[in-house]
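Chemist: What follows is a single structure, and I will ask about it in a moment.
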Amino acid sequence: MIDKTIKHEILLLTHGGWGETLADTLTMIIGQIEGVSEIPLNPEDTLEGFLEKVERKVKEMPSNSLIITDISGGTTSNVALKLSQNYDIKILSGLSSIMLIEAIMRQDHPFTDESVNEIKEAALMNCQHLKINKSSINK
């Protein structure tokens, strides 16, 4: 049985700290956000120092929490992958507003492979090439 009082955390790992700005901005859309934090990778950070900061946070997170990184293959994702060898965390890369909204809406349950894939699919579905058909406007 799932304890509804435990919110599974979401940790954002981004270059330069734009994840916190994104989370703050999303309060305009979905209201108060809890259980979301960020550890930015800054230019002065070493790989070892960044890994240590992230590991300190991950140790405190409930099992089956989620890390969302900005760039697949980048330092943020590589650190998350390294920690996933020793901690029960799920990881998504390609942080976007819809990805974070979807993850926040699922925090009351442990993140599973299935729910993480659903979050990814929602983010992919939101990515659209938008354009107006000019021929239909002139009619």
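Residues are referred to by chain and number: the chain letter is A, B, ... according to the order shown in the structure tokens, the number counts from 1 in that chain, and ligands are numbered separately from 1 in the order shown.
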For Ser115 in chain A, list every protein, DNA or RNA residue within 9 Å, evaluated using only C-alpha atoms, and leave out those in the same chain fewer than 4 positions away; present the list as JSON, numbers by chain.
Modeler: {"A": [103, 106, 110, 111, 119, 120]}
Chemist: Take the residues from that selection and put them in a file with N, CA and C atoms, as a PDB file, in the first residue's frame.
Modeler:
ATOM      1  N   ALA A 103       5.487  15.281 -14.227  1.00  0.00           N
ATOM      2  CA  ALA A 103       6.149  14.627 -13.095  1.00  0.00           C
ATOM      3  C   ALA A 103       5.544  15.095 -11.773  1.00  0.00           C
ATOM      4  N   ARG A 106       2.411  13.462 -10.689  1.00  0.00           N
ATOM      5  CA  ARG A 106       2.535  12.046 -10.331  1.00  0.00           C
ATOM      6  C   ARG A 106       3.333  11.824  -9.045  1.00  0.00           C
ATOM      7  N   PRO A 110       5.131   6.374  -6.179  1.00  0.00           N
ATOM      8  CA  PRO A 110       6.527   6.129  -6.544  1.00  0.00           C
ATOM      9  C   PRO A 110       6.689   6.224  -8.065  1.00  0.00           C
ATOM     10  N   PHE A 111       7.790   6.788  -8.492  1.00  0.00           N
ATOM     11  CA  PHE A 111       8.079   6.808  -9.920  1.00  0.00           C
ATOM     12  C   PHE A 111       8.536   5.411 -10.331  1.00  0.00           C
ATOM     13  N   ILE A 119       5.556  10.027 -18.623  1.00  0.00           N
ATOM     14  CA  ILE A 119       5.983  11.423 -18.545  1.00  0.00           C
ATOM     15  C   ILE A 119       6.758  11.801 -19.811  1.00  0.00           C
ATOM     16  N   LYS A 120       7.653  10.925 -20.233  1.00  0.00           N
ATOM     17  CA  LYS A 120       8.432  11.168 -21.455  1.00  0.00           C
ATOM     18  C   LYS A 120       7.522  11.300 -22.670  1.00  0.00           C
TER      19      LYS A 120
END
Chemist: For Asn126 in chain A, work out the shell of residues within 12 Å, counting only C-alpha atoms and skipping chain neighbours fewer than 2 positions away, then give it as a list in words.
Modeler: Ser96, Ser97, Ile98, Met99, Ile101, Glu102, Ile119, Lys120, Glu121, Ala122, Ala123, Leu124, Gln128, His129 and Leu130 of chain A
Chemist: Could you save the residues just selected, with C-alpha atoms, as a JSON list (two decimals), in the first residue's frame?
Modeler:
[["chain", "number", "residue", "atom", "x", "y", "z"],
["A", 96, "SER", "CA", 10.84, 20.90, -20.33],
["A", 97, "SER", "CA", 7.87, 22.62, -18.75],
["A", 98, "ILE", "CA", 5.40, 19.88, -19.72],
["A", 99, "MET", "CA", 7.78, 17.16, -18.53],
["A", 101, "ILE", "CA", 4.29, 19.42, -14.88],
["A", 102, "GLU", "CA", 3.61, 15.75, -15.69],
["A", 119, "ILE", "CA", 5.98, 11.42, -18.54],
["A", 120, "LYS", "CA", 8.43, 11.17, -21.46],
["A", 121, "GLU", "CA", 5.63, 10.45, -23.93],
["A", 122, "ALA", "CA", 3.62, 13.45, -22.68],
["A", 123, "ALA", "CA", 6.66, 15.67, -23.17],
["A", 124, "LEU", "CA", 7.22, 14.31, -26.68],
["A", 128, "GLN", "CA", 4.91, 20.31, -32.00],
["A", 129, "HIS", "CA", 5.83, 22.24, -35.12],
["A", 130, "LEU", "CA", 3.20, 24.98, -35.00]]
Chemist: Nearest to Leu83 in chain A: which of A:Lys134, A:Lys7, A:Lys57, A:His109 is it, counting only C-alpha atoms?
Modeler: A:Lys57
Chemist: For the atom pair CA of Lys82 in chain A and CA of Ile33 in chain A, what is the interatomic distance in Å to one decimal place?
Modeler: 27.5 Å
Chemist: Could you pull the residues within 6 Å of Ile67 in chain A, counting only C-alpha atoms, minus those fewer than 4 positions along the same chain, as a list in words?
Modeler: Ile10, Leu11, Leu12 and Ile91 of chain A
Chemist: Can I get the selected residues back with N, CA, C and O atoms, as a short mmCIF file (atom, residue, chain, number, x, y, z; two decimals), in the first residue's frame?
Modeler:
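New file part23.cif:
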data_model
loop_
_atom_site.label_atom_id
_atom_site.label_comp_id
_atom_site.auth_asym_id
_atom_site.auth_seq_id
_atom_site.Cartn_x
_atom_site.Cartn_y
_atom_site.Cartn_z
N ILE A 10 11.40 15.26 -6.76
CA ILE A 10 11.91 15.49 -8.10
C ILE A 10 13.13 16.39 -7.94
O ILE A 10 13.03 17.48 -7.37
N LEU A 11 14.25 15.91 -8.42
CA LEU A 11 15.49 16.68 -8.37
C LEU A 11 15.87 17.08 -9.79
O LEU A 11 15.97 16.22 -10.67
N LEU A 12 16.04 18.37 -10.00
CA LEU A 12 16.44 18.88 -11.30
C LEU A 12 17.94 19.10 -11.31
O LEU A 12 18.48 19.73 -10.38
N ILE A 91 15.43 8.32 -13.79
CA ILE A 91 16.05 9.47 -14.45
C ILE A 91 15.38 9.73 -15.79
O ILE A 91 15.13 8.81 -16.56
#
Chemist: Mind the document's chain letters and residue numbers, and return as a PDB file with C-alpha atoms, in the first residue's frame the residues of range 42-113 of chain A that DSSP labels helix (DSSP H, G or I).
Modeler:
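Resulting contents of states29.pdb:
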ATOM      1  CA  LEU A  47      32.849  16.832 -11.633  1.00  0.00           C
ATOM      2  CA  GLU A  48      33.776  15.386  -8.247  1.00  0.00           C
ATOM      3  CA  GLY A  49      32.288  18.324  -6.353  1.00  0.00           C
ATOM      4  CA  PHE A  50      29.062  18.225  -8.335  1.00  0.00           C
ATOM      5  CA  LEU A  51      28.781  14.457  -7.848  1.00  0.00           C
ATOM      6  CA  GLU A  52      29.228  14.887  -4.078  1.00  0.00           C
ATOM      7  CA  LYS A  53      26.521  17.599  -3.884  1.00  0.00           C
ATOM      8  CA  VAL A  54      24.063  15.500  -5.845  1.00  0.00           C
ATOM      9  CA  GLU A  55      24.809  12.353  -3.852  1.00  0.00           C
ATOM     10  CA  ARG A  56      24.186  14.175  -0.553  1.00  0.00           C
ATOM     11  CA  LYS A  57      20.737  15.142  -1.834  1.00  0.00           C
ATOM     12  CA  VAL A  58      19.929  11.742  -3.352  1.00  0.00           C
ATOM     13  CA  LYS A  59      20.727  10.019  -0.044  1.00  0.00           C
ATOM     14  CA  GLU A  60      17.883  12.033   1.556  1.00  0.00           C
ATOM     15  CA  THR A  75      27.546  15.980 -17.050  1.00  0.00           C
ATOM     16  CA  THR A  76      24.191  16.322 -15.291  1.00  0.00           C
ATOM     17  CA  SER A  77      22.898  13.109 -16.863  1.00  0.00           C
ATOM     18  CA  ASN A  78      26.161  11.244 -16.373  1.00  0.00           C
ATOM     19  CA  VAL A  79      26.182  12.084 -12.656  1.00  0.00           C
ATOM     20  CA  ALA A  80      22.563  10.920 -12.314  1.00  0.00           C
ATOM     21  CA  LEU A  81      23.352   7.666 -14.116  1.00  0.00           C
ATOM     22  CA  LYS A  82      26.370   7.028 -11.901  1.00  0.00           C
ATOM     23  CA  LEU A  83      24.240   7.513  -8.760  1.00  0.00           C
ATOM     24  CA  SER A  84      21.492   5.251 -10.109  1.00  0.00           C
ATOM     25  CA  SER A  97       7.869  22.618 -18.752  1.00  0.00           C
ATOM     26  CA  ILE A  98       5.398  19.883 -19.720  1.00  0.00           C
ATOM     27  CA  MET A  99       7.775  17.161 -18.530  1.00  0.00           C
ATOM     28  CA  LEU A 100       8.055  18.822 -15.138  1.00  0.00           C
ATOM     29  CA  ILE A 101       4.289  19.423 -14.884  1.00  0.00           C
ATOM     30  CA  GLU A 102       3.606  15.755 -15.693  1.00  0.00           C
ATOM     31  CA  ALA A 103       6.149  14.627 -13.095  1.00  0.00           C
ATOM     32  CA  ILE A 104       4.722  16.926 -10.414  1.00  0.00           C
ATOM     33  CA  MET A 105       1.220  15.566 -11.063  1.00  0.00           C
ATOM     34  CA  ASP A 113       9.609   2.711 -15.316  1.00  0.00           C
TER      35      ASP A 113
END
Chemist: Can you list every residue in chain A that DSSP puts in strand (DSSP E or B), as a PyMOL selection string?
Modeler: chain A and resi 10-15+36-41+65-69+89-93
Chemist: Using only C-alpha atoms, determine which residues lie at most 12 Å from Thr21 in chain A, disregarding the query and same-chain residues fewer than 2 positions distant; provide the list as a PyMOL selection string.
Modeler: chain A and resi 12+14+16-19+23-28+36-38+40+96-97
Chemist: Taking all heavy atoms for each residue, export the selection above as a tab-separated table (two decimals), in the first residue's frame.
Modeler:
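What ended up in out16.tsv:
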chain	number	residue	atom	x	y	z
A	12	LEU	N	16.04	18.37	-10.00
A	12	LEU	CA	16.44	18.88	-11.30
A	12	LEU	C	17.94	19.10	-11.31
A	12	LEU	O	18.48	19.73	-10.38
A	12	LEU	CB	15.72	20.20	-11.60
A	12	LEU	CG	14.19	20.19	-11.46
A	12	LEU	CD1	13.63	21.59	-11.69
A	12	LEU	CD2	13.57	19.17	-12.40
A	14	THR	N	20.59	20.80	-13.78
A	14	THR	CA	20.71	21.58	-15.01
A	14	THR	C	22.01	22.37	-15.01
A	14	THR	O	22.55	22.70	-13.97
A	14	THR	CB	19.53	22.57	-15.18
A	14	THR	OG1	19.56	23.53	-14.12
A	14	THR	CG2	18.20	21.85	-15.20
A	16	GLY	N	23.84	25.62	-15.12
A	16	GLY	CA	23.60	27.03	-14.86
A	16	GLY	C	22.38	27.36	-14.02
A	16	GLY	O	22.14	28.53	-13.72
A	17	GLY	N	21.56	26.40	-13.67
A	17	GLY	CA	20.48	26.65	-12.74
A	17	GLY	C	19.15	27.06	-13.33
A	17	GLY	O	18.29	27.57	-12.61
A	18	TRP	N	18.91	26.82	-14.60
A	18	TRP	CA	17.64	27.26	-15.16
A	18	TRP	C	16.45	26.41	-14.73
A	18	TRP	O	15.30	26.81	-14.87
A	18	TRP	CB	17.71	27.38	-16.68
A	18	TRP	CG	17.90	26.10	-17.42
A	18	TRP	CD1	19.08	25.51	-17.73
A	18	TRP	CD2	16.88	25.25	-17.95
A	18	TRP	NE1	18.85	24.34	-18.42
A	18	TRP	CE2	17.52	24.16	-18.57
A	18	TRP	CE3	15.48	25.31	-17.96
A	18	TRP	CZ2	16.81	23.13	-19.20
A	18	TRP	CZ3	14.79	24.29	-18.58
A	18	TRP	CH2	15.44	23.22	-19.19
A	19	GLY	N	16.70	25.26	-14.13
A	19	GLY	CA	15.61	24.40	-13.65
A	19	GLY	C	14.81	25.06	-12.54
A	19	GLY	O	13.59	24.93	-12.48
A	23	ALA	N	10.83	25.89	-12.54
A	23	ALA	CA	9.91	25.47	-11.48
A	23	ALA	C	9.17	26.67	-10.89
A	23	ALA	O	7.96	26.61	-10.66
A	23	ALA	CB	10.66	24.71	-10.39
A	24	ASP	N	9.89	27.76	-10.66
A	24	ASP	CA	9.25	28.97	-10.13
A	24	ASP	C	8.19	29.50	-11.09
A	24	ASP	O	7.11	29.91	-10.69
A	24	ASP	CB	10.28	30.06	-9.84
A	24	ASP	CG	11.17	29.76	-8.65
A	24	ASP	OD1	10.83	28.85	-7.85
A	24	ASP	OD2	12.21	30.41	-8.52
A	25	THR	N	8.49	29.47	-12.38
A	25	THR	CA	7.56	29.97	-13.39
A	25	THR	C	6.32	29.09	-13.48
A	25	THR	O	5.21	29.59	-13.69
A	25	THR	CB	8.27	30.04	-14.76
A	25	THR	OG1	9.41	30.89	-14.63
A	25	THR	CG2	7.35	30.58	-15.83
A	26	LEU	N	6.48	27.79	-13.28
A	26	LEU	CA	5.34	26.89	-13.38
A	26	LEU	C	4.29	27.12	-12.30
A	26	LEU	O	3.15	26.69	-12.45
A	26	LEU	CB	5.80	25.43	-13.37
A	26	LEU	CG	6.51	24.96	-14.62
A	26	LEU	CD1	6.88	23.48	-14.50
A	26	LEU	CD2	5.69	25.21	-15.87
A	27	THR	N	4.65	27.80	-11.22
A	27	THR	CA	3.65	28.10	-10.20
A	27	THR	C	2.54	28.98	-10.78
A	27	THR	O	1.42	28.96	-10.27
A	27	THR	CB	4.27	28.77	-8.96
A	27	THR	OG1	4.85	30.02	-9.33
A	27	THR	CG2	5.29	27.88	-8.29
A	28	MET	N	2.82	29.71	-11.84
A	28	MET	CA	1.78	30.50	-12.51
A	28	MET	C	0.74	29.59	-13.16
A	28	MET	O	-0.42	29.97	-13.30
A	28	MET	CB	2.40	31.40	-13.60
A	28	MET	CG	3.28	32.49	-13.06
A	28	MET	SD	4.16	33.42	-14.36
A	28	MET	CE	2.95	33.61	-15.64
A	36	VAL	N	10.16	19.65	-5.16
A	36	VAL	CA	11.00	19.84	-6.35
A	36	VAL	C	12.17	20.72	-5.93
A	36	VAL	O	11.98	21.79	-5.35
A	36	VAL	CB	10.23	20.51	-7.50
A	36	VAL	CG1	11.15	20.78	-8.69
A	36	VAL	CG2	9.04	19.66	-7.92
A	37	SER	N	13.37	20.24	-6.20
A	37	SER	CA	14.56	21.03	-5.90
A	37	SER	C	15.53	20.93	-7.06
A	37	SER	O	15.34	20.12	-7.98
A	37	SER	CB	15.21	20.55	-4.60
A	37	SER	OG	15.58	19.19	-4.71
A	38	GLU	N	16.54	21.77	-7.01
A	38	GLU	CA	17.52	21.76	-8.08
A	38	GLU	C	18.93	21.85	-7.51
A	38	GLU	O	19.16	22.50	-6.50
A	38	GLU	CB	17.33	22.92	-9.03
A	38	GLU	CG	18.33	22.84	-10.17
A	38	GLU	CD	18.47	24.08	-11.02
A	38	GLU	OE1	18.21	25.18	-10.53
A	38	GLU	OE2	18.86	23.91	-12.17
A	40	PRO	N	22.23	23.05	-9.39
A	40	PRO	CA	22.78	23.50	-10.67
A	40	PRO	C	24.24	23.10	-10.83
A	40	PRO	O	24.98	23.01	-9.86
A	40	PRO	CB	22.65	25.02	-10.57
A	40	PRO	CG	22.76	25.31	-9.10
A	40	PRO	CD	22.10	24.13	-8.42
A	96	SER	N	11.73	19.91	-19.70
A	96	SER	CA	10.84	20.90	-20.33
A	96	SER	C	9.71	21.20	-19.36
A	96	SER	O	9.50	20.48	-18.38
A	96	SER	CB	10.26	20.36	-21.65
A	96	SER	OG	9.36	19.30	-21.39
A	97	SER	N	8.97	22.24	-19.65
A	97	SER	CA	7.87	22.62	-18.75
A	97	SER	C	6.83	21.51	-18.65
A	97	SER	O	6.40	21.16	-17.56
A	97	SER	CB	7.22	23.93	-19.20
A	97	SER	OG	6.78	23.84	-20.54
Chemist: Counting only C-alpha atoms, which residue out of A:Val116, A:Ile132, A:Ile29, A:Leu92 sits closest to Ile71 in chain A?
Modeler: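 When distances to Ile71 in chain A are compared using only C-alpha atoms, the smallest one comes from A:Leu92.
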